[in-house]
Amino acid sequence: MDILVINCGSSSLKYQLINTETEEVMAKGICERVGVDGIFTYKNNDGVNMKKVPFDMPTHKEAAQHVIDTLTDPEIGVIKSLEEISAVGHRIVHGGDKFSEPVIINDEVLKEVDEVSELAPLHNPANIIGIRTCQELMPNTPQVGVFDTAFHQTMPPEAYMYALPYEYYEKYRVRRYGFHGTSHKFVSRRLAEVCGIPLETSKLIICHLGGGASVTAVYNGESIDTSMGLTPLEGLAMGTRSGDVDIGAVEFIAKKKGMDFPEIMNMLNKESGVLGLSGVSSDFRDLWNTRAEGNVRSGIALDMFCYRVLKYVGAYIAVMNGVDAIAFTAGIGENDEGVREEVIRNLSYMGMFLDGDANQARYGKEVCITTPESRIPAWVIPTDEELEIARETAELVG
Ligand code: AMP
């Protein structure tokens with residue numbers, strides 16, 4: 001089956017056309033600066049036809065139309081007609097507690113996704129635009145929603161509740177949902193496979209460390225706890241997000257600076273994390289470079305990032321009463337040997353020892369980064385959310 005995977009952001013539209021039998025990416029690219037001016041990137045599977053060109057995209061509709069036109073272009077396209085696309089799989093960030101599985105999108109589903117938008121105002125509205133656009137342009141093709149929160153719907157109440165008055169949960173569904181579920185699911189399956197551990201009787205910890213970052217405890221194949229909460233703000237210190245912070249400190253700052261809630265949320269989401277701590281950058285390459293030049297704050301930011309990852313890993317080892325394997329994934333997890341080293345260094349007590357050479361791995365390399373003598377292995381497993389979305393979409397419509 002040829003599945004078109006769409007990941008729609010507020011001013012972008014990422015796409016991949018994937019053949020789910022061979023799992024080959026037939027073509028992929030991104031429409032950027034939608035609504036501003038428009039930059040279109042396209043690459044097909046022969047690797048020859050790659051282009052990055054300006055293209056006027058006032059709305060997502062022109063962007064999606066151009067994707068379809070290019071995919072079916074006689075010269076650089078990879079399919080003859082739209083009919084060859086069996087289904088479109090859409091990444092949807094927040095599914096609340098309504099969606100624990102992928103769903104075929106109809107009016108009822110769209111209404112529910114819209115209702116959940118309150119919990120993800122930066123993401124869900126853009127996802128809905130992507131869905132509506134594809135429905136218009138491809139009215140006969142099934143549209144499937146795959147939710148970032150779905151994988152975490154197996155969390156037990158003690159993990160997903162906040163210790164707040166119960167009525168907020170009952171009335172407004174205020175609870176922890178978790179994110180990056182598609183990635184945590186994909187990587188946990190692959191980790192069990194490469195380690196030769198049966199998923200149904202496994203204790204795995206997945207560290208998805210990218211611009212947004214979260215750690216998940218996967219017990220017998222199911223997520224039983226994860227570091228993000230109602231929104232992607234909770235948990236680890238991230239590129240620009242604060243992660244866990246005492247609400248008392250937030251109130252204190254708000255009073256001192258005379259900030260209102262939108263300003264506070266902007267500060268916590270966009271000006272905090274390793275960027276806020278270092279004052280240098282949210283990019284870890286810049287942090288390592290400036291630390292090497294003697295920047296103390298970059299050092300604190302890096303140390304704190306690693307410390308929080310370690311803290312969550314330790315907590316999840318405790319809640320699962322052990323761990324069989326750990327995986328690192330996403331931009332930092334796949335490329336930053338320094339972060340991986342820092343985390344693994346403190347896990348030697350349970351027989352996890354870093355293999356320094358293997359740990360040099362970067363750029364999409366799947367590799368075991370612990371020594372053969374290690375009792376518990378750690379792996380770098382490149383994530384592939386698009387492939388997971390394509391697989392789940394094909395399974396549902398197939
Ligand atoms: P993601 O959100 O998964 O795309 O990850 C993006 C982040 O990965 C960037 O902000 C960088 O901090 C980090 N990253 C990417 N490449 C490298 C690298 N070679 N070394 C360290 N960090 C990297």
# chains A, B, ... in the order shown; residues from 1 in each chain; ligands from 1
>>> residues_near_ligand(ligand="ligand 1", cutoff="10 Å", atoms="only C-alpha atoms and all ligand atoms", output="ChimeraX atom specification")
/A:208-213,238-240,274,281-288,329-339,361-363,382-383
>>> write_last_selection(atoms="C-alpha atoms", output="compact mmCIF listing (two decimals), in the first residue's frame")
# COMPACT_ATOMS: atom_id res chain seq x y z
CA HIS A 208 13.30 10.50 23.21
CA LEU A 209 15.68 13.46 23.37
CA GLY A 210 15.06 16.11 20.74
CA GLY A 211 13.98 19.75 20.76
CA GLY A 212 11.09 18.40 22.84
CA ALA A 213 12.19 15.55 25.10
CA MET A 238 14.21 20.79 26.99
CA GLY A 239 15.54 23.05 24.22
CA THR A 240 13.37 25.99 25.22
CA VAL A 274 18.76 24.88 28.04
CA SER A 281 21.28 28.38 22.26
CA SER A 282 18.79 25.53 22.37
CA ASP A 283 21.08 23.53 20.08
CA PHE A 284 23.29 21.07 21.95
CA ARG A 285 26.17 21.46 19.48
CA ASP A 286 26.40 25.13 20.44
CA LEU A 287 26.25 24.25 24.12
CA TRP A 288 29.15 21.78 23.93
CA THR A 329 16.48 8.40 20.15
CA ALA A 330 15.64 11.72 18.35
CA GLY A 331 18.06 14.56 17.49
CA ILE A 332 20.05 14.60 20.73
CA GLY A 333 19.57 10.91 21.60
CA GLU A 334 20.83 9.82 18.17
CA ASN A 335 23.69 12.29 17.81
CA ASP A 336 24.99 13.51 21.13
CA GLU A 337 27.53 11.07 22.51
CA GLY A 338 28.24 13.37 25.46
CA VAL A 339 24.67 13.26 26.77
CA ALA A 361 27.52 6.74 16.53
CA ARG A 362 25.62 9.49 14.76
CA TYR A 363 23.16 10.26 12.02
CA PRO A 382 16.81 6.07 15.26
CA THR A 383 13.16 6.94 15.50
>>> residues_around(residues="Ile369 in chain A", least_positions_apart="2", cutoff="12 Å", atoms="only C-alpha atoms", output="PDB file with N, CA and C atoms, in the first residue's frame")
ATOM      1  N   ALA A 325      16.508  -3.047  29.076  1.00  0.00           N
ATOM      2  CA  ALA A 325      17.300  -2.312  28.072  1.00  0.00           C
ATOM      3  C   ALA A 325      16.820  -0.867  28.013  1.00  0.00           C
ATOM      4  N   ILE A 326      17.737   0.001  27.581  1.00  0.00           N
ATOM      5  CA  ILE A 326      17.425   1.425  27.468  1.00  0.00           C
ATOM      6  C   ILE A 326      17.744   1.868  26.038  1.00  0.00           C
ATOM      7  N   ALA A 327      16.921   2.760  25.488  1.00  0.00           N
ATOM      8  CA  ALA A 327      17.204   3.292  24.143  1.00  0.00           C
ATOM      9  C   ALA A 327      17.255   4.809  24.162  1.00  0.00           C
ATOM     10  N   PHE A 328      18.141   5.344  23.325  1.00  0.00           N
ATOM     11  CA  PHE A 328      18.219   6.791  23.100  1.00  0.00           C
ATOM     12  C   PHE A 328      17.782   7.055  21.669  1.00  0.00           C
ATOM     13  N   GLY A 333      19.364  12.333  21.263  1.00  0.00           N
ATOM     14  CA  GLY A 333      19.574  10.914  21.596  1.00  0.00           C
ATOM     15  C   GLY A 333      20.361  10.171  20.537  1.00  0.00           C
ATOM     16  N   GLU A 334      20.159  10.532  19.262  1.00  0.00           N
ATOM     17  CA  GLU A 334      20.826   9.819  18.174  1.00  0.00           C
ATOM     18  C   GLU A 334      22.206  10.373  17.847  1.00  0.00           C
ATOM     19  N   GLU A 337      26.863  12.114  21.727  1.00  0.00           N
ATOM     20  CA  GLU A 337      27.531  11.067  22.508  1.00  0.00           C
ATOM     21  C   GLU A 337      27.793  11.535  23.937  1.00  0.00           C
ATOM     22  N   ARG A 340      24.682  10.909  26.126  1.00  0.00           N
ATOM     23  CA  ARG A 340      24.525   9.468  26.384  1.00  0.00           C
ATOM     24  C   ARG A 340      25.557   8.996  27.406  1.00  0.00           C
ATOM     25  N   GLU A 341      26.763   9.484  27.269  1.00  0.00           N
ATOM     26  CA  GLU A 341      27.828   9.080  28.194  1.00  0.00           C
ATOM     27  C   GLU A 341      27.495   9.490  29.628  1.00  0.00           C
ATOM     28  N   ILE A 344      24.691   7.188  31.033  1.00  0.00           N
ATOM     29  CA  ILE A 344      25.078   5.786  31.255  1.00  0.00           C
ATOM     30  C   ILE A 344      26.123   5.653  32.362  1.00  0.00           C
ATOM     31  N   ARG A 345      26.950   6.670  32.497  1.00  0.00           N
ATOM     32  CA  ARG A 345      28.002   6.640  33.519  1.00  0.00           C
ATOM     33  C   ARG A 345      27.446   6.300  34.915  1.00  0.00           C
ATOM     34  N   MET A 352      25.647  -1.633  33.623  1.00  0.00           N
ATOM     35  CA  MET A 352      25.572  -1.022  32.289  1.00  0.00           C
ATOM     36  C   MET A 352      26.861  -0.229  32.081  1.00  0.00           C
ATOM     37  N   PHE A 353      27.669  -0.656  31.094  1.00  0.00           N
ATOM     38  CA  PHE A 353      28.972  -0.014  30.887  1.00  0.00           C
ATOM     39  C   PHE A 353      29.085   0.486  29.448  1.00  0.00           C
ATOM     40  N   LEU A 354      29.470   1.735  29.319  1.00  0.00           N
ATOM     41  CA  LEU A 354      29.538   2.367  27.997  1.00  0.00           C
ATOM     42  C   LEU A 354      30.678   1.789  27.147  1.00  0.00           C
ATOM     43  N   ASP A 355      30.378   1.553  25.875  1.00  0.00           N
ATOM     44  CA  ASP A 355      31.411   1.220  24.898  1.00  0.00           C
ATOM     45  C   ASP A 355      31.752   2.530  24.183  1.00  0.00           C
ATOM     46  N   GLY A 356      32.889   3.113  24.554  1.00  0.00           N
ATOM     47  CA  GLY A 356      33.256   4.444  24.078  1.00  0.00           C
ATOM     48  C   GLY A 356      33.287   4.570  22.562  1.00  0.00           C
ATOM     49  N   ASP A 357      33.784   3.524  21.874  1.00  0.00           N
ATOM     50  CA  ASP A 357      33.872   3.598  20.405  1.00  0.00           C
ATOM     51  C   ASP A 357      32.485   3.546  19.779  1.00  0.00           C
ATOM     52  N   ALA A 358      31.683   2.583  20.241  1.00  0.00           N
ATOM     53  CA  ALA A 358      30.330   2.444  19.673  1.00  0.00           C
ATOM     54  C   ALA A 358      29.514   3.705  19.935  1.00  0.00           C
ATOM     55  N   ASN A 359      29.806   4.365  21.049  1.00  0.00           N
ATOM     56  CA  ASN A 359      29.042   5.559  21.420  1.00  0.00           C
ATOM     57  C   ASN A 359      29.324   6.758  20.512  1.00  0.00           C
ATOM     58  N   GLN A 360      30.291   6.632  19.605  1.00  0.00           N
ATOM     59  CA  GLN A 360      30.538   7.749  18.672  1.00  0.00           C
ATOM     60  C   GLN A 360      29.460   7.812  17.576  1.00  0.00           C
ATOM     61  N   ALA A 361      28.537   6.835  17.588  1.00  0.00           N
ATOM     62  CA  ALA A 361      27.517   6.739  16.526  1.00  0.00           C
ATOM     63  C   ALA A 361      26.720   8.016  16.352  1.00  0.00           C
ATOM     64  N   ARG A 362      26.424   8.314  15.084  1.00  0.00           N
ATOM     65  CA  ARG A 362      25.623   9.494  14.756  1.00  0.00           C
ATOM     66  C   ARG A 362      24.814   9.257  13.505  1.00  0.00           C
ATOM     67  N   LYS A 365      22.289   5.977  12.832  1.00  0.00           N
ATOM     68  CA  LYS A 365      22.907   4.661  12.987  1.00  0.00           C
ATOM     69  C   LYS A 365      22.291   3.927  14.181  1.00  0.00           C
ATOM     70  N   GLU A 366      21.873   2.683  13.931  1.00  0.00           N
ATOM     71  CA  GLU A 366      21.323   1.872  15.013  1.00  0.00           C
ATOM     72  C   GLU A 366      22.456   1.053  15.610  1.00  0.00           C
ATOM     73  N   VAL A 367      22.729   1.232  16.894  1.00  0.00           N
ATOM     74  CA  VAL A 367      23.922   0.585  17.458  1.00  0.00           C
ATOM     75  C   VAL A 367      23.789   0.374  18.969  1.00  0.00           C
ATOM     76  N   THR A 371      29.162  -2.225  26.493  1.00  0.00           N
ATOM     77  CA  THR A 371      30.133  -3.301  26.245  1.00  0.00           C
ATOM     78  C   THR A 371      29.440  -4.667  26.301  1.00  0.00           C
ATOM     79  N   PRO A 372      30.046  -5.687  25.685  1.00  0.00           N
ATOM     80  CA  PRO A 372      29.438  -7.022  25.708  1.00  0.00           C
ATOM     81  C   PRO A 372      29.272  -7.565  27.136  1.00  0.00           C
ATOM     82  N   GLU A 373      30.116  -7.101  28.072  1.00  0.00           N
ATOM     83  CA  GLU A 373      30.008  -7.603  29.463  1.00  0.00           C
ATOM     84  C   GLU A 373      28.821  -6.994  30.206  1.00  0.00           C
ATOM     85  N   SER A 374      28.240  -5.964  29.645  1.00  0.00           N
ATOM     86  CA  SER A 374      27.148  -5.279  30.356  1.00  0.00           C
ATOM     87  C   SER A 374      25.969  -6.217  30.584  1.00  0.00           C
ATOM     88  N   ILE A 376      22.931  -5.045  31.388  1.00  0.00           N
ATOM     89  CA  ILE A 376      21.796  -4.342  30.765  1.00  0.00           C
ATOM     90  C   ILE A 376      22.340  -3.528  29.579  1.00  0.00           C
ATOM     91  N   PRO A 377      21.820  -3.753  28.368  1.00  0.00           N
ATOM     92  CA  PRO A 377      22.335  -2.998  27.224  1.00  0.00           C
ATOM     93  C   PRO A 377      21.642  -1.643  27.037  1.00  0.00           C
ATOM     94  N   ALA A 378      22.367  -0.721  26.428  1.00  0.00           N
ATOM     95  CA  ALA A 378      21.776   0.542  25.985  1.00  0.00           C
ATOM     96  C   ALA A 378      22.015   0.648  24.486  1.00  0.00           C
ATOM     97  N   TRP A 379      21.024   1.145  23.778  1.00  0.00           N
ATOM     98  CA  TRP A 379      21.091   1.233  22.314  1.00  0.00           C
ATOM     99  C   TRP A 379      20.752   2.637  21.834  1.00  0.00           C
ATOM    100  N   VAL A 380      21.305   2.984  20.686  1.00  0.00           N
ATOM    101  CA  VAL A 380      20.802   4.126  19.939  1.00  0.00           C
ATOM    102  C   VAL A 380      19.879   3.542  18.875  1.00  0.00           C
ATOM    103  N   ILE A 381      18.619   3.942  18.911  1.00  0.00           N
ATOM    104  CA  ILE A 381      17.641   3.456  17.919  1.00  0.00           C
ATOM    105  C   ILE A 381      17.044   4.679  17.223  1.00  0.00           C
TER     106      ILE A 381
END
>>> residues_around(residues="Tyr312 in chain A", least_positions_apart="2", cutoff="9 Å", atoms="only C-alpha atoms", output="list of chain:residue names")
A:Val215, A:Thr216, A:Thr226, A:Ser227, A:Gly235, A:Leu236, A:Tyr307, A:Arg308, A:Val309, A:Leu310, A:Gly314, A:Ala315, A:Tyr316, A:Ile317
>>> residues_around(residues="Pro232 in chain A", least_positions_apart="3", cutoff="12 Å", atoms="only C-alpha atoms", output="ChimeraX atom specification")
/A:93-94,119-123,148-149,176-181,211-215,226-229,235-238,240-244,265,268-269
>>> write_last_selection(atoms="C-alpha atoms", output="PDB file, in the first residue's frame")
ATOM      1  CA  VAL A  93      -0.607  15.715  18.611  1.00  0.00           C
ATOM      2  CA  HIS A  94      -3.341  15.497  21.252  1.00  0.00           C
ATOM      3  CA  LEU A 119      -5.273  21.126  25.495  1.00  0.00           C
ATOM      4  CA  ALA A 120      -2.907  21.606  22.536  1.00  0.00           C
ATOM      5  CA  PRO A 121      -3.668  25.043  21.085  1.00  0.00           C
ATOM      6  CA  LEU A 122      -0.320  25.223  19.285  1.00  0.00           C
ATOM      7  CA  HIS A 123      -0.672  21.875  17.538  1.00  0.00           C
ATOM      8  CA  ASP A 148       0.965  11.325  19.829  1.00  0.00           C
ATOM      9  CA  THR A 149      -0.882  10.669  23.079  1.00  0.00           C
ATOM     10  CA  ARG A 176      -1.239  13.583  32.403  1.00  0.00           C
ATOM     11  CA  TYR A 177      -1.401  12.372  28.781  1.00  0.00           C
ATOM     12  CA  GLY A 178       2.197  12.172  27.560  1.00  0.00           C
ATOM     13  CA  PHE A 179       3.503  12.830  24.033  1.00  0.00           C
ATOM     14  CA  HIS A 180       5.936  11.440  21.426  1.00  0.00           C
ATOM     15  CA  GLY A 181       3.848   8.247  21.730  1.00  0.00           C
ATOM     16  CA  GLY A 211      13.979  19.750  20.765  1.00  0.00           C
ATOM     17  CA  GLY A 212      11.092  18.397  22.840  1.00  0.00           C
ATOM     18  CA  ALA A 213      12.189  15.548  25.098  1.00  0.00           C
ATOM     19  CA  SER A 214      10.502  12.814  27.103  1.00  0.00           C
ATOM     20  CA  VAL A 215      11.342   9.531  28.819  1.00  0.00           C
ATOM     21  CA  THR A 226       6.079   9.084  30.802  1.00  0.00           C
ATOM     22  CA  SER A 227       7.640  12.405  31.697  1.00  0.00           C
ATOM     23  CA  MET A 228       5.345  14.799  29.778  1.00  0.00           C
ATOM     24  CA  GLY A 229       1.947  15.642  31.195  1.00  0.00           C
ATOM     25  CA  GLY A 235       9.269  16.677  32.715  1.00  0.00           C
ATOM     26  CA  LEU A 236      12.790  17.052  31.342  1.00  0.00           C
ATOM     27  CA  ALA A 237      14.505  20.387  30.765  1.00  0.00           C
ATOM     28  CA  MET A 238      14.215  20.795  26.986  1.00  0.00           C
ATOM     29  CA  THR A 240      13.366  25.987  25.216  1.00  0.00           C
ATOM     30  CA  ARG A 241      10.841  24.438  27.652  1.00  0.00           C
ATOM     31  CA  SER A 242      11.389  24.486  31.397  1.00  0.00           C
ATOM     32  CA  GLY A 243      10.113  20.995  32.195  1.00  0.00           C
ATOM     33  CA  ASP A 244       9.252  20.424  35.876  1.00  0.00           C
ATOM     34  CA  MET A 265       3.435  30.398  29.320  1.00  0.00           C
ATOM     35  CA  LEU A 268       8.124  28.632  30.126  1.00  0.00           C
ATOM     36  CA  ASN A 269       7.684  27.242  26.593  1.00  0.00           C
TER      37      ASN A 269
END
>>> closest_residue(among="A:Ser81, A:Ser223, A:Asn106, A:Gln143", to="Met155 in chain A", atoms="only C-alpha atoms")
A:Ser223
>>> decode(residues="range 223-271 of chain A", atoms="C-alpha atoms", output="CSV table (one decimal), in the first residue's frame")
chain,number,residue,atom,x,y,z
A,223,SER,CA,3.6,2.7,28.3
A,224,ILE,CA,3.1,2.8,32.1
A,225,ASP,CA,4.6,6.3,32.8
A,226,THR,CA,6.1,9.1,30.8
A,227,SER,CA,7.6,12.4,31.7
A,228,MET,CA,5.3,14.8,29.8
A,229,GLY,CA,1.9,15.6,31.2
A,230,LEU,CA,-1.3,17.4,30.2
A,231,THR,CA,0.9,19.4,27.8
A,232,PRO,CA,4.5,18.9,26.5
A,233,LEU,CA,5.8,21.3,29.1
A,234,GLU,CA,6.2,18.8,32.0
A,235,GLY,CA,9.3,16.7,32.7
A,236,LEU,CA,12.8,17.1,31.3
A,237,ALA,CA,14.5,20.4,30.8
A,238,MET,CA,14.2,20.8,27.0
A,239,GLY,CA,15.5,23.0,24.2
A,240,THR,CA,13.4,26.0,25.2
A,241,ARG,CA,10.8,24.4,27.7
A,242,SER,CA,11.4,24.5,31.4
A,243,GLY,CA,10.1,21.0,32.2
A,244,ASP,CA,9.3,20.4,35.9
A,245,VAL,CA,9.1,23.6,37.9
A,246,ASP,CA,7.6,24.6,41.2
A,247,ILE,CA,4.4,26.5,40.5
A,248,GLY,CA,5.2,28.7,43.5
A,249,ALA,CA,8.3,29.9,41.6
A,250,VAL,CA,6.2,30.8,38.7
A,251,GLU,CA,3.8,32.8,40.8
A,252,PHE,CA,6.7,34.6,42.4
A,253,ILE,CA,8.2,35.5,39.1
A,254,ALA,CA,4.8,36.6,37.7
A,255,LYS,CA,4.4,39.0,40.7
A,256,LYS,CA,7.9,40.4,40.5
A,257,LYS,CA,7.7,41.0,36.7
A,258,GLY,CA,4.0,41.8,36.5
A,259,MET,CA,3.5,39.1,33.9
A,260,ASP,CA,0.1,37.6,32.9
A,261,PHE,CA,-0.5,34.0,32.0
A,262,PRO,CA,0.1,34.2,28.3
A,263,GLU,CA,3.5,35.9,29.0
A,264,ILE,CA,4.3,33.3,31.7
A,265,MET,CA,3.4,30.4,29.3
A,266,ASN,CA,5.5,31.9,26.6
A,267,MET,CA,8.5,32.3,28.9
A,268,LEU,CA,8.1,28.6,30.1
A,269,ASN,CA,7.7,27.2,26.6
A,270,LYS,CA,10.0,29.4,24.5
A,271,GLU,CA,12.6,31.1,26.7
